[in-house]
Amino acid sequence: MSTPGPAADRHVPVLRDRIVELLAPALQAPGSVALDATLGMGGHAEALLEACPEATVIGLDRDQDALRLAGDRLASYGSRFVPAHAVYDELTQVLAERDVPLVQAVLFDLGVSSLQLDEAERGFAYRHDAPLDMRMDQSTGQTAADVLNTYDAAELERVLRDYGEERFARRIAKAVVRERDQEPFDRSERLVDLLRRSIPAASQRTGGHPGKRTFQALRIEVNSELDAWRDALPAAIDALAVGGRVAVLSYHSLEDRITKQTLAAGAKSTTPPGLPVELPEHAPYLRLLTRGGEAPSEAETEDNPRAASARLRAAERTRPTKGSMP
């Protein structure tokens, strides 16, 4: 576990150089704006500010601790860094409040941040006993304990199955309901103990830590991550100027599937079959910049094991659409 300290010492940005390579061409003109919609501890934002001296970066995060650490890290860039306390599906409002009609680049680094994983008391890490919180913004919303203690068995099963892709969702949900009748859940160690008892030993030997899928599912439910993501990516594409670029780092198949489908839809013509020419309004409005989901190199995952599941997709805006910002 990392020791608290400056953000630059605690955070290794995943695929940093490749992201700069993809986004920097759109950030060379004076007045260019990049939106880092998942600022975290500011590693990617710092790399973009360094590589693109004409650009400003607006950094969004729902986690106020992350905003504070990133602000310290990026203070030397002065007014070129603009922090905002917001969830990424609020990006349209954030840009409107700052009178920014269009941006030249958008970056999403999805999932739980290094800050949240490393601070055990946040409850994200199943390897450390901690309060079952899991809120990315600790100032609002239900906690993981609230989900475990108030959802009925069918709701719990749905969350574990849909968001954790947990094969034993029904068995775990029934066990949670049975045990909370004796005493409500409040700490992660007790939940991990229940998972060890509920998941067959053979599956634990081949499927990794028994808490991995359940903790992922609870985190997604507590923070409404997939609902927010389904709204955020189209909004980001609408906010891109022509020639602007969007890059997305995903860490599990549910996020990556939404990303893949959304970008692929924008890169495909919608001209009805049989028409001799492509109508301008049906032409693709995105150009894919990556072939499938790019993975980190073996060297990077050795240095930063948290990068192992990352997949990077990127696209460039090729024309305006009716939904795009003015």
# chains A, B, ... in the order shown; residues from 1 in each chain; ligands from 1
call {"tool": "select_by_dssp", "arguments": {"residues": "stretch 150-241 of chain A", "states": "helix (DSSP H, G or I)", "output": "number ranges by chain"}}
result
A: 150, 153-164, 169-180, 188-198, 201-206, 212-223, 225-238
call {"tool": "residues_around", "arguments": {"residues": "stretch 222-235 of chain A", "least_positions_apart": "5", "cutoff": "7 Å", "atoms": "only C-alpha atoms", "output": "ChimeraX atom specification"}}
result
/A:88-89,92,134-136,142-144,255,258
call {"tool": "residues_around", "arguments": {"residues": "stretch 286-303 of chain A", "least_positions_apart": "2", "cutoff": "9 Å", "atoms": "only C-alpha atoms", "output": "JSON, numbers by chain"}}
result
{"A": [14, 15, 22, 237, 245, 249, 250, 256, 260, 263, 264, 265, 266, 267, 268, 284, 305, 306, 307, 308, 309, 310, 311, 312, 313, 314, 315, 316, 317, 318, 319]}
call {"tool": "write_last_selection", "arguments": {"atoms": "C-alpha atoms", "output": "PDB file, in the first residue's frame"}}
result
ATOM      1  CA  VAL A  14      -1.551   4.251 -17.134  1.00  0.00           C
ATOM      2  CA  LEU A  15      -0.430   4.466 -20.788  1.00  0.00           C
ATOM      3  CA  LEU A  22      -3.037  10.380 -29.321  1.00  0.00           C
ATOM      4  CA  ILE A 237     -18.232  13.568 -28.233  1.00  0.00           C
ATOM      5  CA  ARG A 245      -9.940  13.765 -30.014  1.00  0.00           C
ATOM      6  CA  LEU A 249      -9.094   3.977 -20.532  1.00  0.00           C
ATOM      7  CA  SER A 250     -11.384   1.172 -19.321  1.00  0.00           C
ATOM      8  CA  ASP A 256     -15.147  -1.150 -22.462  1.00  0.00           C
ATOM      9  CA  LYS A 260     -16.535   0.270 -28.091  1.00  0.00           C
ATOM     10  CA  LEU A 263     -17.218   4.952 -30.788  1.00  0.00           C
ATOM     11  CA  ALA A 264     -18.012   2.326 -33.426  1.00  0.00           C
ATOM     12  CA  ALA A 265     -21.474   3.837 -33.977  1.00  0.00           C
ATOM     13  CA  GLY A 266     -19.929   7.242 -34.627  1.00  0.00           C
ATOM     14  CA  ALA A 267     -17.418   5.796 -37.078  1.00  0.00           C
ATOM     15  CA  LYS A 268     -20.075   4.074 -39.189  1.00  0.00           C
ATOM     16  CA  PRO A 284     -19.428   9.008 -40.017  1.00  0.00           C
ATOM     17  CA  PRO A 305       0.354  -4.066 -11.962  1.00  0.00           C
ATOM     18  CA  ARG A 306      -2.842  -1.999 -11.798  1.00  0.00           C
ATOM     19  CA  ALA A 307      -2.442  -1.284 -15.511  1.00  0.00           C
ATOM     20  CA  ALA A 308      -2.828  -4.953 -16.460  1.00  0.00           C
ATOM     21  CA  SER A 309      -6.568  -4.876 -17.223  1.00  0.00           C
ATOM     22  CA  ALA A 310      -6.548  -1.467 -18.944  1.00  0.00           C
ATOM     23  CA  ARG A 311      -7.811  -1.072 -22.502  1.00  0.00           C
ATOM     24  CA  LEU A 312      -7.408   2.169 -24.441  1.00  0.00           C
ATOM     25  CA  ARG A 313      -9.683   3.341 -27.245  1.00  0.00           C
ATOM     26  CA  ALA A 314      -9.567   6.696 -29.026  1.00  0.00           C
ATOM     27  CA  ALA A 315     -11.326   8.535 -31.841  1.00  0.00           C
ATOM     28  CA  GLU A 316     -11.219  11.856 -33.711  1.00  0.00           C
ATOM     29  CA  ARG A 317     -14.199  14.077 -34.507  1.00  0.00           C
ATOM     30  CA  THR A 318     -14.514  14.444 -38.293  1.00  0.00           C
ATOM     31  CA  ARG A 319     -17.660  16.550 -38.686  1.00  0.00           C
TER      32      ARG A 319
END
call {"tool": "closest_residue", "arguments": {"among": "A:Pro53, A:Gly141, A:Gly243, A:Gly43", "to": "A:Arg73", "atoms": "only C-alpha atoms"}}
result
A:Gly43
call {"tool": "closest_residue", "arguments": {"among": "A:Val12, A:Ala153, A:Ala173, A:Ala55", "to": "A:Gln104", "atoms": "only C-alpha atoms"}}
result
A:Ala55
call {"tool": "atom_distance", "arguments": {"atom1": "atom CA of A:Arg205", "atom2": "atom CA of A:Tyr163"}}
result
21.7 Å
call {"tool": "residues_around", "arguments": {"residues": "stretch 107-109 of chain A", "least_positions_apart": "6", "cutoff": "9 Å", "atoms": "only C-alpha atoms", "output": "tab-separated table (two decimals) with N, CA and C atoms, in the first residue's frame"}}
result
chain	number	residue	atom	x	y	z
A	14	VAL	N	-1.53	5.38	-16.20
A	14	VAL	CA	-1.55	4.25	-17.13
A	14	VAL	C	-1.47	4.76	-18.57
A	19	ILE	N	-1.26	8.06	-24.49
A	19	ILE	CA	-2.37	9.02	-24.44
A	19	ILE	C	-1.93	10.39	-24.93
A	23	LEU	N	-3.58	12.44	-28.11
A	23	LEU	CA	-4.33	13.68	-27.88
A	23	LEU	C	-3.55	14.93	-28.27
A	34	ALA	N	-8.19	20.96	-23.19
A	34	ALA	CA	-8.37	19.53	-22.95
A	34	ALA	C	-9.21	19.36	-21.70
A	35	LEU	N	-10.15	18.43	-21.74
A	35	LEU	CA	-10.98	18.11	-20.59
A	35	LEU	C	-10.53	16.76	-20.05
A	36	ASP	N	-9.90	16.77	-18.88
A	36	ASP	CA	-9.57	15.53	-18.18
A	36	ASP	C	-10.75	15.24	-17.26
A	37	ALA	N	-11.63	14.37	-17.72
A	37	ALA	CA	-12.91	14.18	-17.04
A	37	ALA	C	-12.80	13.29	-15.80
A	38	THR	N	-11.65	12.68	-15.60
A	38	THR	CA	-11.39	11.83	-14.43
A	38	THR	C	-10.00	12.18	-13.92
A	39	LEU	N	-9.87	13.34	-13.31
A	39	LEU	CA	-8.57	13.92	-13.00
A	39	LEU	C	-7.70	13.05	-12.11
A	40	GLY	N	-8.30	12.41	-11.10
A	40	GLY	CA	-7.50	11.63	-10.16
A	40	GLY	C	-6.41	12.47	-9.54
A	44	HIS	N	-2.05	12.26	-15.81
A	44	HIS	CA	-2.28	12.47	-17.25
A	44	HIS	C	-2.38	13.96	-17.57
A	88	TYR	N	-18.19	13.01	-14.14
A	88	TYR	CA	-17.93	13.21	-15.57
A	88	TYR	C	-19.19	13.32	-16.41
A	233	LEU	N	-20.01	9.66	-22.24
A	233	LEU	CA	-19.25	9.55	-23.48
A	233	LEU	C	-19.94	10.25	-24.64
A	245	ARG	N	-10.14	15.19	-30.25
A	245	ARG	CA	-9.94	13.77	-30.01
A	245	ARG	C	-10.39	13.37	-28.61
A	246	VAL	N	-10.90	12.14	-28.50
A	246	VAL	CA	-11.31	11.58	-27.22
A	246	VAL	C	-10.56	10.27	-27.00
A	247	ALA	N	-10.07	10.07	-25.77
A	247	ALA	CA	-9.39	8.83	-25.40
A	247	ALA	C	-10.01	8.28	-24.13
A	248	VAL	N	-10.19	6.96	-24.09
A	248	VAL	CA	-10.85	6.31	-22.96
A	248	VAL	C	-10.03	5.13	-22.48
A	249	LEU	N	-9.71	5.12	-21.19
A	249	LEU	CA	-9.09	3.98	-20.53
A	249	LEU	C	-10.16	3.26	-19.73
A	250	SER	N	-10.42	2.00	-20.04
A	250	SER	CA	-11.38	1.17	-19.32
A	250	SER	C	-10.64	0.05	-18.62
A	251	TYR	N	-11.25	-0.46	-17.54
A	251	TYR	CA	-10.58	-1.49	-16.75
A	251	TYR	C	-11.42	-2.76	-16.57
call {"tool": "closest_residue", "arguments": {"among": "A:Glu281, A:Asp181, A:Asp65, A:Glu166", "to": "A:Gly211", "atoms": "only C-alpha atoms"}}
result
A:Glu166
call {"tool": "residues_around", "arguments": {"residues": "A:Cys52", "least_positions_apart": "3", "cutoff": "9 Å", "atoms": "only C-alpha atoms", "output": "list in words"}}
result
Val20, Ala24, Pro25, Leu27, Gln28, Ala29, Ser32, Ala47, Leu48, Leu49, Ala55 and Thr56 of chain A
call {"tool": "write_last_selection", "arguments": {"atoms": "C-alpha atoms", "output": "PDB file, in the first residue's frame"}}
result
ATOM      1  CA  VAL A  20      -0.214  12.087 -25.023  1.00  0.00           C
ATOM      2  CA  ALA A  24      -1.442  16.107 -28.394  1.00  0.00           C
ATOM      3  CA  PRO A  25      -2.007  16.645 -32.162  1.00  0.00           C
ATOM      4  CA  LEU A  27      -3.845  20.564 -28.650  1.00  0.00           C
ATOM      5  CA  GLN A  28      -1.208  22.551 -30.530  1.00  0.00           C
ATOM      6  CA  ALA A  29      -3.110  25.746 -31.362  1.00  0.00           C
ATOM      7  CA  SER A  32      -6.718  24.723 -27.054  1.00  0.00           C
ATOM      8  CA  ALA A  47       1.722  15.060 -19.073  1.00  0.00           C
ATOM      9  CA  LEU A  48      -0.652  16.952 -21.401  1.00  0.00           C
ATOM     10  CA  LEU A  49       0.227  20.339 -19.901  1.00  0.00           C
ATOM     11  CA  ALA A  55      -3.276  24.158 -24.014  1.00  0.00           C
ATOM     12  CA  THR A  56      -5.383  24.561 -20.899  1.00  0.00           C
TER      13      THR A  56
END
call {"tool": "residues_around", "arguments": {"residues": "stretch 95-102 of chain A", "least_positions_apart": "5", "cutoff": "10 Å", "atoms": "only C-alpha atoms", "output": "list in words"}}
result
Ser32, Val33, Ala34, Leu35, Ile58, Val82, Ala84, Glu90, Ala236, Ile237, Asp238, Ala239, Leu240, Ala241, Val242, Gly244, Ser324, Met325 and Pro326 of chain A
call {"tool": "atom_distance", "arguments": {"atom1": "atom CA of A:Glu157", "atom2": "atom CA of A:Ala217"}}
result
10.2 Å
call {"tool": "select_by_dssp", "arguments": {"residues": "stretch 66-190 of chain A", "states": "strand (DSSP E or B)", "output": "compact mmCIF listing (two decimals) with N, CA and C atoms, in the first residue's frame"}}
result
# COMPACT_ATOMS: atom_id res chain seq x y z
N PHE A 81 -4.34 25.27 -15.64
CA PHE A 81 -5.08 24.17 -15.03
C PHE A 81 -6.29 24.73 -14.29
N VAL A 82 -7.47 24.16 -14.63
CA VAL A 82 -8.73 24.62 -14.04
C VAL A 82 -9.43 23.43 -13.39
N PRO A 83 -9.48 23.35 -12.05
CA PRO A 83 -10.14 22.22 -11.40
C PRO A 83 -11.66 22.42 -11.31
N ALA A 84 -12.39 21.31 -11.25
CA ALA A 84 -13.85 21.37 -11.10
C ALA A 84 -14.32 20.15 -10.32
N HIS A 85 -15.10 20.39 -9.27
CA HIS A 85 -15.67 19.29 -8.47
C HIS A 85 -16.96 18.84 -9.15
N VAL A 103 -14.24 21.75 -26.95
CA VAL A 103 -12.88 21.42 -26.50
C VAL A 103 -12.18 20.64 -27.61
N GLN A 104 -10.84 20.59 -27.50
CA GLN A 104 -10.04 19.92 -28.52
C GLN A 104 -9.66 18.48 -28.11
N ALA A 105 -9.81 18.15 -26.84
CA ALA A 105 -9.47 16.80 -26.40
C ALA A 105 -10.24 16.48 -25.13
N VAL A 106 -10.59 15.20 -24.98
CA VAL A 106 -11.24 14.70 -23.77
C VAL A 106 -10.57 13.38 -23.39
N LEU A 107 -10.30 13.23 -22.10
CA LEU A 107 -9.72 12.00 -21.59
C LEU A 107 -10.58 11.46 -20.46
N PHE A 108 -10.83 10.15 -20.50
CA PHE A 108 -11.49 9.43 -19.41
C PHE A 108 -10.57 8.30 -18.96
N ASP A 109 -10.26 8.25 -17.67
CA ASP A 109 -9.53 7.15 -17.06
C ASP A 109 -10.49 6.56 -16.03
N PRO A 131 -14.20 0.35 6.75
CA PRO A 131 -15.64 0.60 6.62
C PRO A 131 -16.10 0.39 5.18
N ARG A 187 -18.17 -3.51 7.82
CA ARG A 187 -16.75 -3.53 7.48
C ARG A 187 -16.46 -4.60 6.42
call {"tool": "closest_residue", "arguments": {"among": "A:Ser269, A:Ser198, A:Arg190, A:Pro184", "to": "A:Arg171", "atoms": "only C-alpha atoms"}}
result
A:Ser198
